[in-house]
$ cat final37.pdb   # PDB, C-alpha atoms
ATOM      1  CA  MET T 164      57.600 -45.427  -4.117
ATOM      2  CA  LEU T 165      54.369 -43.967  -5.498
ATOM      3  CA  LYS T 166      53.104 -41.017  -3.525
ATOM      4  CA  LYS T 167      49.873 -41.390  -1.589
ATOM      5  CA  ARG T 168      46.718 -39.725  -2.890
ATOM      6  CA  ILE T 169      43.899 -37.843  -1.160
ATOM      7  CA  ILE T 170      40.571 -38.268  -2.957
ATOM      8  CA  PRO T 171      37.315 -36.464  -2.115
ATOM      9  CA  CYS T 172      34.195 -38.385  -3.125
ATOM     10  CA  LEU T 173      31.000 -36.838  -4.437
ATOM     11  CA  ASP T 174      28.095 -39.226  -3.826
ATOM     12  CA  ILE T 175      25.359 -37.972  -6.148
ATOM     13  CA  ARG T 176      21.606 -38.429  -5.881
ATOM     14  CA  ASP T 177      19.156 -36.434  -8.000
ATOM     15  CA  GLY T 178      22.028 -34.224  -9.165
ATOM     16  CA  ARG T 179      23.069 -33.163  -5.644
ATOM     17  CA  THR T 180      25.989 -34.236  -3.460
ATOM     18  CA  VAL T 181      24.767 -36.315  -0.515
ATOM     19  CA  LYS T 182      26.290 -38.283   2.353
ATOM     20  CA  GLY T 183      24.998 -40.991   4.648
ATOM     21  CA  VAL T 184      26.143 -43.353   7.405
ATOM     22  CA  ASN T 185      26.577 -47.065   6.610
ATOM     23  CA  PHE T 186      25.045 -46.350   3.172
ATOM     24  CA  VAL T 187      21.756 -45.044   4.698
ATOM     25  CA  ASN T 188      20.432 -41.888   6.442
ATOM     26  CA  ILE T 189      21.332 -39.731   3.447
ATOM     27  CA  ARG T 190      21.555 -35.936   3.794
ATOM     28  CA  ASP T 191      22.333 -33.134   1.369
ATOM     29  CA  ALA T 192      25.940 -31.913   1.191
ATOM     30  CA  GLY T 193      25.891 -29.287  -1.538
ATOM     31  CA  ASP T 194      26.265 -28.570  -5.234
ATOM     32  CA  ALA T 195      28.456 -31.125  -7.007
ATOM     33  CA  VAL T 196      30.049 -28.723  -9.483
ATOM     34  CA  GLU T 197      30.922 -26.158  -6.809
ATOM     35  CA  LEU T 198      32.420 -28.808  -4.523
ATOM     36  CA  ALA T 199      34.450 -30.318  -7.363
ATOM     37  CA  ARG T 200      35.911 -26.928  -8.232
ATOM     38  CA  LEU T 201      36.731 -26.244  -4.568
ATOM     39  CA  TYR T 202      38.518 -29.568  -4.065
ATOM     40  CA  ALA T 203      40.609 -29.135  -7.201
ATOM     41  CA  GLU T 204      41.638 -25.671  -5.986
ATOM     42  CA  GLN T 205      42.499 -27.048  -2.522
ATOM     43  CA  GLY T 206      44.925 -29.614  -3.924
ATOM     44  CA  ALA T 207      42.936 -32.857  -4.102
ATOM     45  CA  ASP T 208      44.842 -35.462  -6.104
ATOM     46  CA  GLU T 209      41.783 -36.970  -7.750
ATOM     47  CA  LEU T 210      38.014 -36.684  -7.590
ATOM     48  CA  VAL T 211      35.442 -39.474  -7.471
ATOM     49  CA  PHE T 212      31.843 -39.050  -8.608
ATOM     50  CA  LEU T 213      29.474 -41.894  -7.629
ATOM     51  CA  ASP T 214      25.861 -41.835  -8.800
ATOM     52  CA  ILE T 215      24.723 -43.874  -5.797
ATOM     53  CA  THR T 216      21.219 -44.774  -6.947
ATOM     54  CA  ALA T 217      21.838 -45.363 -10.667
ATOM     55  CA  THR T 218      22.015 -49.161 -10.343
ATOM     56  CA  ILE T 219      19.035 -49.379  -7.977
ATOM     57  CA  GLU T 220      16.944 -47.166 -10.259
ATOM     58  CA  LYS T 221      18.164 -49.078 -13.350
ATOM     59  CA  ARG T 222      19.372 -45.979 -15.165
ATOM     60  CA  LYS T 223      22.645 -44.601 -16.458
ATOM     61  CA  THR T 224      24.995 -42.162 -14.730
ATOM     62  CA  PHE T 225      24.314 -38.463 -15.375
ATOM     63  CA  ALA T 226      26.688 -37.855 -18.296
ATOM     64  CA  ARG T 227      25.732 -34.171 -18.517
ATOM     65  CA  LEU T 228      26.705 -33.591 -14.883
ATOM     66  CA  VAL T 229      29.982 -35.427 -15.500
ATOM     67  CA  GLU T 230      30.616 -33.046 -18.389
ATOM     68  CA  ARG T 231      29.939 -29.989 -16.218
ATOM     69  CA  ILE T 232      32.259 -31.197 -13.445
ATOM     70  CA  ALA T 233      35.044 -32.146 -15.860
ATOM     71  CA  ALA T 234      34.950 -28.638 -17.342
ATOM     72  CA  GLU T 235      35.715 -27.150 -13.908
ATOM     73  CA  ILE T 236      38.642 -29.330 -12.746
ATOM     74  CA  ASN T 237      42.157 -30.207 -13.865
ATOM     75  CA  ILE T 238      42.740 -33.355 -11.800
ATOM     76  CA  PRO T 239      41.986 -37.023 -12.597
ATOM     77  CA  PHE T 240      38.287 -37.783 -12.352
ATOM     78  CA  MET T 241      36.679 -41.187 -11.669
ATOM     79  CA  VAL T 242      32.993 -41.835 -12.304
ATOM     80  CA  GLY T 243      30.810 -44.725 -11.139
ATOM     81  CA  GLY T 244      27.170 -45.744 -10.933
ATOM     82  CA  GLY T 245      24.987 -47.653 -13.383
ATOM     83  CA  ILE T 246      27.898 -48.565 -15.686
ATOM     84  CA  ALA T 247      27.271 -51.902 -17.416
ATOM     85  CA  THR T 248      28.658 -51.780 -20.972
ATOM     86  CA  VAL T 249      31.609 -50.688 -23.073
ATOM     87  CA  GLU T 250      29.300 -48.055 -24.589
ATOM     88  CA  ASP T 251      28.519 -46.618 -21.139
ATOM     89  CA  VAL T 252      32.227 -46.147 -20.478
ATOM     90  CA  GLY T 253      32.869 -44.570 -23.865
ATOM     91  CA  LEU T 254      30.116 -42.026 -23.188
ATOM     92  CA  LEU T 255      31.556 -41.084 -19.789
ATOM     93  CA  LEU T 256      35.124 -40.799 -21.085
ATOM     94  CA  ARG T 257      33.907 -38.502 -23.853
ATOM     95  CA  ALA T 258      32.111 -36.459 -21.177
ATOM     96  CA  GLY T 259      35.433 -35.935 -19.387
ATOM     97  CA  ALA T 260      35.972 -38.851 -17.003
ATOM     98  CA  ASP T 261      39.483 -40.318 -16.770
ATOM     99  CA  LYS T 262      38.497 -43.594 -15.087
ATOM    100  CA  VAL T 263      35.327 -45.529 -14.364
ATOM    101  CA  SER T 264      34.311 -47.463 -11.284
ATOM    102  CA  ILE T 265      32.238 -50.628 -11.713
ATOM    103  CA  ASN T 266      30.670 -52.801  -9.028
ATOM    104  CA  SER T 267      27.265 -54.474  -9.465
ATOM    105  CA  ALA T 268      27.640 -55.040 -13.212
ATOM    106  CA  ALA T 269      31.063 -56.652 -12.728
ATOM    107  CA  VAL T 270      29.713 -59.025 -10.083
ATOM    108  CA  LYS T 271      26.900 -60.010 -12.431
ATOM    109  CA  ASN T 272      29.253 -60.341 -15.407
ATOM    110  CA  PRO T 273      32.949 -60.564 -14.403
ATOM    111  CA  SER T 274      34.036 -60.631 -18.056
ATOM    112  CA  LEU T 275      32.991 -56.967 -18.215
ATOM    113  CA  ILE T 276      36.261 -56.138 -16.419
ATOM    114  CA  ARG T 277      38.259 -57.785 -19.201
ATOM    115  CA  HIS T 278      36.195 -56.177 -21.953
ATOM    116  CA  LEU T 279      36.665 -52.701 -20.490
ATOM    117  CA  ALA T 280      40.391 -53.239 -19.893
ATOM    118  CA  ASP T 281      40.830 -54.420 -23.472
ATOM    119  CA  ALA T 282      38.853 -51.479 -24.848
ATOM    120  CA  PHE T 283      40.220 -48.638 -22.724
ATOM    121  CA  GLY T 284      43.256 -49.945 -20.789
ATOM    122  CA  SER T 285      43.484 -51.273 -17.242
ATOM    123  CA  GLN T 286      44.387 -47.808 -15.931
ATOM    124  CA  CYS T 287      40.822 -46.750 -16.764
ATOM    125  CA  VAL T 288      39.068 -49.624 -14.941
ATOM    126  CA  VAL T 289      38.517 -49.429 -11.175
ATOM    127  CA  LEU T 290      36.660 -52.219  -9.406
ATOM    128  CA  ALA T 291      34.630 -50.870  -6.491
ATOM    129  CA  ILE T 292      34.148 -53.400  -3.698
ATOM    130  CA  ASP T 293      31.521 -52.580  -1.064
ATOM    131  CA  THR T 294      32.037 -55.077   1.728
ATOM    132  CA  ASP T 295      30.569 -56.024   5.094
ATOM    133  CA  TYR T 296      31.593 -58.518   7.766
ATOM    134  CA  VAL T 297      29.138 -61.427   7.703
ATOM    135  CA  ASP T 298      29.461 -64.716   9.619
ATOM    136  CA  GLY T 299      33.144 -64.251  10.262
ATOM    137  CA  GLU T 300      34.304 -63.051   6.845
ATOM    138  CA  TRP T 301      34.197 -60.031   4.590
ATOM    139  CA  ARG T 302      31.545 -60.427   1.875
ATOM    140  CA  VAL T 303      30.905 -58.386  -1.276
ATOM    141  CA  PHE T 304      27.697 -56.357  -1.511
ATOM    142  CA  THR T 305      26.129 -54.764  -4.603
ATOM    143  CA  HIS T 306      23.304 -52.327  -5.427
ATOM    144  CA  GLY T 307      24.624 -49.566  -3.182
ATOM    145  CA  GLY T 308      25.351 -51.923  -0.289
ATOM    146  CA  ARG T 309      21.831 -53.360  -0.287
ATOM    147  CA  LYS T 310      22.386 -56.824  -1.771
ATOM    148  CA  GLN T 311      24.709 -59.433  -0.283
ATOM    149  CA  THR T 312      26.532 -61.768  -2.657
ATOM    150  CA  SER T 313      28.313 -65.081  -2.129
ATOM    151  CA  LEU T 314      31.656 -63.515  -3.069
ATOM    152  CA  GLU T 315      34.440 -63.342  -0.503
ATOM    153  CA  THR T 316      36.154 -59.954  -0.659
ATOM    154  CA  MET T 317      39.800 -61.055  -0.872
ATOM    155  CA  ALA T 318      39.062 -63.634  -3.572
ATOM    156  CA  TRP T 319      37.013 -61.154  -5.615
ATOM    157  CA  ALA T 320      39.800 -58.559  -5.453
ATOM    158  CA  ARG T 321      42.315 -61.122  -6.729
ATOM    159  CA  GLU T 322      39.978 -62.181  -9.534
ATOM    160  CA  ALA T 323      39.405 -58.556 -10.556
ATOM    161  CA  GLN T 324      43.150 -58.017 -10.839
ATOM    162  CA  ARG T 325      43.479 -61.176 -12.942
ATOM    163  CA  LEU T 326      40.729 -59.960 -15.277
ATOM    164  CA  GLY T 327      42.442 -56.621 -15.832
ATOM    165  CA  ALA T 328      41.220 -54.132 -13.233
ATOM    166  CA  GLY T 329      43.808 -51.423 -12.695
ATOM    167  CA  GLU T 330      42.775 -50.399  -9.189
ATOM    168  CA  ILE T 331      40.465 -51.402  -6.320
ATOM    169  CA  LEU T 332      38.159 -48.960  -4.503
ATOM    170  CA  LEU T 333      37.541 -50.721  -1.193
ATOM    171  CA  THR T 334      34.659 -49.485   0.982
ATOM    172  CA  ALA T 335      33.970 -51.072   4.369
ATOM    173  CA  ILE T 336      30.231 -50.635   4.911
ATOM    174  CA  PRO T 337      30.401 -50.785   8.754
ATOM    175  CA  ASN T 338      32.904 -47.911   8.729
ATOM    176  CA  ASP T 339      31.178 -45.758   6.116
ATOM    177  CA  GLY T 340      30.271 -42.342   7.514
ATOM    178  CA  ALA T 341      30.971 -43.424  11.093
ATOM    179  CA  LYS T 342      34.168 -41.317  11.343
ATOM    180  CA  GLN T 343      35.830 -43.889  13.601
ATOM    181  CA  GLY T 344      38.626 -44.762  11.192
ATOM    182  CA  PHE T 345      39.151 -46.868   8.097
ATOM    183  CA  ALA T 346      39.013 -50.679   8.133
ATOM    184  CA  VAL T 347      42.786 -50.827   8.426
ATOM    185  CA  GLU T 348      43.279 -54.581   8.811
ATOM    186  CA  LEU T 349      40.950 -55.317   5.907
ATOM    187  CA  THR T 350      42.721 -52.775   3.717
ATOM    188  CA  ALA T 351      46.135 -54.191   4.588
ATOM    189  CA  GLY T 352      44.911 -57.721   3.886
ATOM    190  CA  VAL T 353      43.611 -56.824   0.438
ATOM    191  CA  ARG T 354      46.669 -54.727  -0.425
ATOM    192  CA  GLU T 355      49.016 -57.543   0.556
ATOM    193  CA  GLN T 356      47.468 -59.859  -2.024
ATOM    194  CA  LEU T 357      47.510 -57.468  -4.973
ATOM    195  CA  SER T 358      50.010 -55.704  -7.187
ATOM    196  CA  ILE T 359      47.517 -53.005  -8.223
ATOM    197  CA  PRO T 360      46.707 -49.934  -6.093
ATOM    198  CA  VAL T 361      44.018 -49.988  -3.411
ATOM    199  CA  ILE T 362      41.942 -46.928  -2.485
ATOM    200  CA  ALA T 363      40.668 -47.110   1.108
ATOM    201  CA  SER T 364      37.163 -45.759   1.663
ATOM    202  CA  GLY T 365      34.829 -45.503   4.632
ATOM    203  CA  GLY T 366      35.477 -44.153   8.103
ATOM    204  CA  ALA T 367      37.641 -41.037   7.909
ATOM    205  CA  GLY T 368      36.963 -38.704  10.818
ATOM    206  CA  ARG T 369      40.357 -37.276  11.826
ATOM    207  CA  VAL T 370      43.688 -36.634  10.149
ATOM    208  CA  GLU T 371      45.160 -39.495  12.201
ATOM    209  CA  HIS T 372      42.875 -41.939  10.410
ATOM    210  CA  PHE T 373      44.587 -41.135   7.107
ATOM    211  CA  LEU T 374      48.013 -41.668   8.628
ATOM    212  CA  GLU T 375      46.894 -45.019  10.003
ATOM    213  CA  VAL T 376      45.446 -46.315   6.733
ATOM    214  CA  PHE T 377      48.549 -45.232   4.804
ATOM    215  CA  GLN T 378      51.024 -46.700   7.265
ATOM    216  CA  ARG T 379      49.353 -49.766   8.785
ATOM    217  CA  GLY T 380      46.738 -50.279   6.076
ATOM    218  CA  ARG T 381      49.266 -49.797   3.245
ATOM    219  CA  ALA T 382      46.617 -48.021   1.146
ATOM    220  CA  ASP T 383      47.778 -46.241  -1.988
ATOM    221  CA  ALA T 384      45.045 -43.623  -1.676
ATOM    222  CA  ALA T 385      42.397 -42.628   0.852
ATOM    223  CA  LEU T 386      38.929 -41.454  -0.055
ATOM    224  CA  ALA T 387      36.610 -39.385   2.129
ATOM    225  CA  ALA T 388      33.428 -37.403   1.763
ATOM    226  CA  SER T 389      31.614 -35.774   4.684
ATOM    227  CA  ILE T 390      34.713 -34.502   6.492
ATOM    228  CA  PHE T 391      35.555 -32.513   3.368
ATOM    229  CA  HIS T 392      31.979 -31.547   2.392
ATOM    230  CA  PHE T 393      31.144 -30.124   5.827
ATOM    231  CA  GLY T 394      34.511 -28.432   6.395
ATOM    232  CA  GLU T 395      35.673 -30.663   9.253
ATOM    233  CA  ILE T 396      39.105 -31.202   7.677
ATOM    234  CA  GLY T 397      40.626 -29.151   4.870
ATOM    235  CA  ILE T 398      42.715 -30.866   2.209
ATOM    236  CA  PRO T 399      45.664 -28.445   2.660
ATOM    237  CA  GLN T 400      45.564 -29.065   6.443
ATOM    238  CA  LEU T 401      45.470 -32.839   5.912
ATOM    239  CA  LYS T 402      48.370 -32.819   3.463
ATOM    240  CA  HIS T 403      50.445 -30.630   5.767
ATOM    241  CA  TYR T 404      49.867 -33.063   8.640
ATOM    242  CA  LEU T 405      50.808 -36.105   6.539
ATOM    243  CA  LYS T 406      53.971 -34.447   5.242
ATOM    244  CA  GLU T 407      54.978 -33.638   8.830
ATOM    245  CA  LYS T 408      54.522 -37.349   9.597
ATOM    246  CA  LYS T 409      56.887 -38.214   6.727
ATOM    247  CA  VAL T 410      54.185 -39.688   4.472
ATOM    248  CA  ALA T 411      55.089 -39.321   0.793
ATOM    249  CA  ILE T 412      52.084 -37.319  -0.358
ATOM    250  CA  ARG T 413      51.441 -35.545  -3.638
TER     251      ARG T 413
END
$ encode --input "final37.pdb" --output "structure tokens"
Amino acid sequence: MLKKRIIPCLDIRDGRTVKGVNFVNIRDAGDAVELARLYAEQGADELVFLDITATIEKRKTFARLVERIAAEINIPFMVGGGIATVEDVGLLLRAGADKVSINSAAVKNPSLIRHLADAFGSQCVVLAIDTDYVDGEWRVFTHGGRKQTSLETMAWAREAQRLGAGEILLTAIPNDGAKQGFAVELTAGVREQLSIPVIASGGAGRVEHFLEVFQRGRADAALAASIFHFGEIGIPQLKHYLKEKKVAIR
């Protein structure tokens, strides 16, 4: 069995780490490079960097900031935001990223998933799915959670796997920043239909929430932001708790 992963997320706007609730009400959370270094030292298994307004502002991810973060850490590093071409990914990998996360561009052009997998390998391609519950089903949203699509979440996850995505980053918009727990049933439902790993995102508030999403939600990894940024839970404390609960953790 693969060991579970704990992944801090740096949501970046204007070069600073920020955090909101339900994708809005954004507040500053600190310097991205300093936080990245701290999380690597604390034992994070991976780090995610999401340039949250790159797609909305129709610009590319900050490659120079990616370079600065990569120079400070020795753990796998995923980057997302504004990625739309093979050339974009090549630039970010050269800057030090290990994986890329795509969302809006993949919805617009699903063949991008295949092109990136062919060019760089499936292990490099993570499909981010931002999803909300609309009219009785989970629907895919793009542009930082602002634009609803006609895609049903489970079907889109299956199609992404077929096209060559190596992992799914699943964020439940209603849970994001609310600290009331992950969308466990949704996560379990998506994981059940796939053979690739699923990263659960949105809702972590207590150590018990991680246990729940690993056990009942069957997530392969759990991502969180504000609880780490504002010192509410430390990564060593969280890992100690999960090991005591017999979760196979890195």
$ atom_distance --input "final37.pdb" --atom1 "atom CA of Ala280 of chain T" --atom2 "atom CA of Arg168 of chain T"
22.6 Å
$ closest_residue --input "final37.pdb" --among "T:Ala258, T:Ala199, T:Val370, T:Ala351" --to "Arg227 of chain T" --atoms "all atoms listed in the file"
T:Ala258
$ resolve_selection --input "final37.pdb" --expression "the PyMOL selection byres ((chain T and resi 322) around 12)" --output "ChimeraX atom specification"
/T:269-270,273-274,276-277,290,314-321,323-329,331,353,356-357,359
$ closest_residue --input "final37.pdb" --among "T:Lys262, T:Arg381, T:Lys271, T:Arg369" --to "Gly394 of chain T" --atoms "only C-alpha atoms"
T:Arg369
$ resolve_selection --input "final37.pdb" --expression "the PyMOL selection byres ((chain T and resi 341) around 8)" --output "list in words"
Val184, Asn185, Pro337, Asn338, Asp339, Gly340, Lys342, Gln343, Gly344, Gly365, Gly366, Ala367 and Gly368 of chain T
$ atom_distance --input "final37.pdb" --atom1 "atom CA of Phe212 of chain T" --atom2 "atom CA of Phe240 of chain T"
7.6 Å
$ resolve_selection --input "final37.pdb" --expression "the PyMOL selection byres ((chain T and resi 291) around 8)" --output "VMD selection string"
chain T and resid 264 to 266 289 to 290 292 to 293 331 to 334
$ atom_distance --input "final37.pdb" --atom1 "atom CA of Glu230 of chain T" --atom2 "atom CA of Val252 of chain T"
13.4 Å
$ closest_residue --input "final37.pdb" --among "T:Ser285, T:Ala411, T:Pro399, T:Leu201" --to "Pro360 of chain T" --atoms "only C-alpha atoms"
T:Ser285
$ closest_residue --input "final37.pdb" --among "T:Ala203, T:Ile238, T:Val249, T:Ala195" --to "Phe225 of chain T" --atoms "all atoms listed in the file"
T:Ala195
$ residues_around --input "final37.pdb" --residues "Leu405 of chain T" --least-positions-apart "5" --cutoff "12 Å" --atoms "all atoms listed in the file" --output "PDB file with C-alpha atoms, in the coordinates of the input"
ATOM      1  CA  LYS T 166      53.104 -41.017  -3.525  1.00  0.00           C
ATOM      2  CA  LYS T 167      49.873 -41.390  -1.589  1.00  0.00           C
ATOM      3  CA  ARG T 168      46.718 -39.725  -2.890  1.00  0.00           C
ATOM      4  CA  ILE T 169      43.899 -37.843  -1.160  1.00  0.00           C
ATOM      5  CA  ARG T 369      40.357 -37.276  11.826  1.00  0.00           C
ATOM      6  CA  VAL T 370      43.688 -36.634  10.149  1.00  0.00           C
ATOM      7  CA  GLU T 371      45.160 -39.495  12.201  1.00  0.00           C
ATOM      8  CA  HIS T 372      42.875 -41.939  10.410  1.00  0.00           C
ATOM      9  CA  PHE T 373      44.587 -41.135   7.107  1.00  0.00           C
ATOM     10  CA  LEU T 374      48.013 -41.668   8.628  1.00  0.00           C
ATOM     11  CA  GLU T 375      46.894 -45.019  10.003  1.00  0.00           C
ATOM     12  CA  VAL T 376      45.446 -46.315   6.733  1.00  0.00           C
ATOM     13  CA  PHE T 377      48.549 -45.232   4.804  1.00  0.00           C
ATOM     14  CA  GLN T 378      51.024 -46.700   7.265  1.00  0.00           C
ATOM     15  CA  ILE T 398      42.715 -30.866   2.209  1.00  0.00           C
ATOM     16  CA  PRO T 399      45.664 -28.445   2.660  1.00  0.00           C
ATOM     17  CA  GLN T 400      45.564 -29.065   6.443  1.00  0.00           C
ATOM     18  CA  VAL T 410      54.185 -39.688   4.472  1.00  0.00           C
ATOM     19  CA  ALA T 411      55.089 -39.321   0.793  1.00  0.00           C
ATOM     20  CA  ILE T 412      52.084 -37.319  -0.358  1.00  0.00           C
ATOM     21  CA  ARG T 413      51.441 -35.545  -3.638  1.00  0.00           C
TER      22      ARG T 413
END
$ closest_residue --input "final37.pdb" --among "T:Asp251, T:Asp295, T:Asp261, T:Glu407" --to "Leu275 of chain T" --atoms "all atoms listed in the file"
T:Asp251
$ closest_residue --input "final37.pdb" --among "T:Ile396, T:Gln205, T:Ser267, T:Val303" --to "Thr248 of chain T" --atoms "all atoms listed in the file"
T:Ser267
$ decode --input "final37.pdb" --residues "segment 267-286 of chain T" --atoms "N, CA and C atoms" --output "short mmCIF file (atom, residue, chain, number, x, y, z; two decimals), in the first residue's frame"
data_model
loop_
_atom_site.label_atom_id
_atom_site.label_comp_id
_atom_site.auth_asym_id
_atom_site.auth_seq_id
_atom_site.Cartn_x
_atom_site.Cartn_y
_atom_site.Cartn_z
N SER T 267 -8.64 24.92 -15.87
CA SER T 267 -9.45 25.62 -16.87
C SER T 267 -9.03 25.28 -18.30
N ALA T 268 -7.73 25.24 -18.56
CA ALA T 268 -7.26 24.96 -19.92
C ALA T 268 -7.62 23.56 -20.36
N ALA T 269 -7.63 22.60 -19.41
CA ALA T 269 -7.98 21.22 -19.75
C ALA T 269 -9.47 21.09 -20.05
N VAL T 270 -10.30 21.84 -19.32
CA VAL T 270 -11.73 21.82 -19.60
C VAL T 270 -12.00 22.39 -20.99
N LYS T 271 -11.31 23.47 -21.32
CA LYS T 271 -11.47 24.09 -22.63
C LYS T 271 -10.95 23.20 -23.74
N ASN T 272 -9.85 22.50 -23.48
CA ASN T 272 -9.20 21.66 -24.49
C ASN T 272 -8.72 20.37 -23.83
N PRO T 273 -9.61 19.36 -23.69
CA PRO T 273 -9.23 18.13 -23.00
C PRO T 273 -8.01 17.43 -23.59
N SER T 274 -7.76 17.61 -24.88
CA SER T 274 -6.59 16.95 -25.49
C SER T 274 -5.28 17.47 -24.92
N LEU T 275 -5.33 18.61 -24.23
CA LEU T 275 -4.11 19.12 -23.56
C LEU T 275 -3.57 18.09 -22.57
N ILE T 276 -4.46 17.37 -21.89
CA ILE T 276 -4.01 16.35 -20.93
C ILE T 276 -3.16 15.31 -21.64
N ARG T 277 -3.64 14.83 -22.78
CA ARG T 277 -2.89 13.84 -23.55
C ARG T 277 -1.57 14.39 -24.05
N HIS T 278 -1.59 15.62 -24.55
CA HIS T 278 -0.35 16.21 -25.08
C HIS T 278 0.71 16.36 -23.98
N LEU T 279 0.29 16.78 -22.80
CA LEU T 279 1.24 16.93 -21.70
C LEU T 279 1.75 15.58 -21.21
N ALA T 280 0.85 14.60 -21.14
CA ALA T 280 1.27 13.26 -20.71
C ALA T 280 2.26 12.65 -21.69
N ASP T 281 2.01 12.87 -22.97
CA ASP T 281 2.92 12.34 -24.00
C ASP T 281 4.28 13.04 -23.93
N ALA T 282 4.26 14.33 -23.64
CA ALA T 282 5.50 15.11 -23.65
C ALA T 282 6.33 14.91 -22.39
N PHE T 283 5.66 14.78 -21.24
CA PHE T 283 6.39 14.80 -19.96
C PHE T 283 6.14 13.58 -19.08
N GLY T 284 5.19 12.73 -19.44
CA GLY T 284 4.83 11.57 -18.62
C GLY T 284 3.62 11.87 -17.76
N SER T 285 2.78 10.87 -17.56
CA SER T 285 1.56 11.05 -16.77
C SER T 285 1.86 11.47 -15.34
N GLN T 286 3.01 11.02 -14.80
CA GLN T 286 3.34 11.35 -13.41
C GLN T 286 3.51 12.85 -13.20
#
